[in-house]
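See below for the structure under consideration.
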Amino acid sequence: MRLSLAYAVLAATLLSACAQKPDQRQYPLHGQVLSVEPARELVTLKHDDIKGFMPAMTMPYNVKDVKLLDGLAPGDVVDATLVVFSNGAHLTAIKKVGTAPLEAPPAEASTARASSGFELLRIGEAVPDAAFLDQDGRHRRFSDFKGSTIVMTFIYTKCPLPTFCPLMDRHFAALQKTLKSDPALSKVHLVTVSFDPVTDTPPVLKAHARTLDAYLARWTFLTGDRDDIDKFGARFGVSVSRALNDPRDITHNLRTVIIDAGGKLARTYTGNEWTPAAILDDLKAVARAD
């Protein structure tokens with residue numbers, strides 16, 4: 001009887017251990033609701049520092065249980081739990097604890113956005129030239145890549161959420177593997193542009209490239225003057241806002257594009273829902289057209 005009980009306890013312990021997710025971390029979060037999108041299972045929060053994980057930021061977060069968004073509105077102050085795992089993150093246990101007026105954007109920030117408003121590039125239009133520094137500190141112009149089909153995305157290396165910049169890195173690493181083995185894509189080049197040049201200096205990008213096992217003959221990392229990068233990215237729909245009191249607080253969207261060998265915009269992917277397989281299909285079509 002005692003032996004059976006011991007086996008039962010051991011089995012329960014093993015099942016409990018198997019049910020746990022060792023790569024999963026949980027953090028308490030306190031912030032204010034800026035927007036609620038139940039159809040997309042998203043809530044955008046301006047939140048305080050998340051101790052041990054990330055500084056204060058304004059970010060959209062996935063919500064696993066969309067019912068948690070019921071009754072939430074911009075201006076609500078909430079407590080929640082941020083669950084982070086190897087390839088994603090979501091909020092749970094969202095609880096409204098108050099309401100506060102939404103902050104109006106600083107006048108200088110509004111002026112900066114208005115003055116940097118550029119018309120979006122359309123498919124088939126030439127991509128503007130711009131000056132950059134690559135991961136080796138060499139001066140590069142975007143026109144240097146002409147003759148290659150380009151897949152380009154925008155990130156910053158300190159982005160903490162697995163479903164944002166780190167996902168773009170993982171997707172590009174997956175693309176790189178196929179590009180190496182497919183002769184039809186031998187002239188495709190990957191380009192990652194950082195919009196955080198204060199942190200992402202060439203040595204930082206070089207180290208970041210090593211963590212991704214990037215083959216630098218086919219995958220280039222670029223940084224440069226912040227204003228130049230913002231203007232360049234804006235042509236593709238990249239929107240970047242930086243807090244005046246903390247440059248680490250970066251709010252951004254995601255854009256990935258294909259540029260043909262002639263330097264013209266061929267495809268644009270919004271957000272993080274594209275897959276390497278989808279881009280590979282489109283690359284083959286663009287390569288055939290080139």
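By convention here, the chains of the structure tokens are called A, B, ... in the order presented, each chain's residues are numbered starting at 1, and ligands are numbered starting at 1 in the order presented.
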Can you list, as JSON, numbers by chain, every protein, DNA or RNA residue that comes within 9 Å of segment 118-133 of chain A when you count only C-alpha atoms, leaving out same-chain residues fewer than 3 positions away? {"A": [115, 136, 137, 138, 139, 140, 141, 142, 143, 201, 202, 221, 222, 223, 224, 225, 228, 229, 231, 232, 234, 235, 236, 237, 259, 260, 262, 263, 264, 265, 266, 267, 268]}
Any idea what's packed within 8 Å of segment 192-196 of chain A, counting only C-alpha atoms, ignoring anything in its chain fewer than 6 positions away? Could you give it as an MDAnalysis selection string? chainID A and resid 152:157 219:223 226 229:230 240
Give me the segment 22-136 of chain A side of the contact with segment 249-256 of chain A, cut-off 12 Å, one line per residue showing its nearest atom pair and distance in Å at one decimal, counting only C-alpha atoms, sorted by chain and residue number, as a tab-separated table.
residue	atom	partner	partner_atom	distance
A:Thr44	CA	A:Thr251	CA	10.5
A:Leu45	CA	A:Thr251	CA	10.6
A:Lys46	CA	A:Thr251	CA	9.7
A:His47	CA	A:Asp249	CA	10.2
A:Asp48	CA	A:Asp249	CA	10.3
A:Asp49	CA	A:Asp249	CA	9.9
A:Met54	CA	A:Asp249	CA	9.3
A:Pro55	CA	A:Asp249	CA	6.9
A:Ala56	CA	A:Asp249	CA	6.1
A:Met57	CA	A:Asp249	CA	4.9
A:Thr58	CA	A:Thr251	CA	5.7
A:Met59	CA	A:Thr251	CA	6.3
A:Pro60	CA	A:Thr251	CA	9.1
Env of Thr211 of chain A: 12 Å cut, atoms = only C-alpha atoms, seq-sep filter 6 positions within chain, self excluded. Answer as a count of residues only. 7
Neighbours of Val188 of chain A within 7 Å (only C-alpha atoms; same-chain residues fewer than 6 positions away dropped), as a PyMOL selection string? chain A and resi 148-150
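The space between atom CA of Gly98 of chain A and atom CA of Asp76 of chain A spans 5.9 Å.
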Lys284 of chain A proximity check over A:Lys187, A:Arg218, A:Arg210, A:Lys180, using only C-alpha atoms: winner is A:Lys187
I need the residues of segment 115-284 of chain A that end up classed as strand (DSSP E) by DSSP on the backbone, written out as a ChimeraX atom specification. /A:131-134,139-141,149-155,188-194,219-223,240-243,246-252,255-259,265-270
Which distance in Å separates atom CA of Leu91 of chain A and atom CA of Val63 of chain A, to one decimal? 5.0 Å
Which residues, written as a VMD selection string, have at least one atom at most 7 Å from Val83 of chain A, with only C-alpha atoms counted and residues fewer than 5 positions away on the same chain left out? chain A and resid 24 to 27 89 to 91
Using only C-alpha atoms for the distances, tell me which of A:Leu82, A:Ile258, A:Val77, A:Ile50 is nearest to Asn62 of chain A. A:Leu82
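Between atom CA of Asp290 of chain A and atom CA of Ala184 of chain A the separation is 11.7 Å.
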Apply DSSP to the backbone of this structure and, from segment 34-207 of chain A, keep only the residues in alpha helix (DSSP H); write these as a ChimeraX atom specification. /A:107-115,165-181,202-207
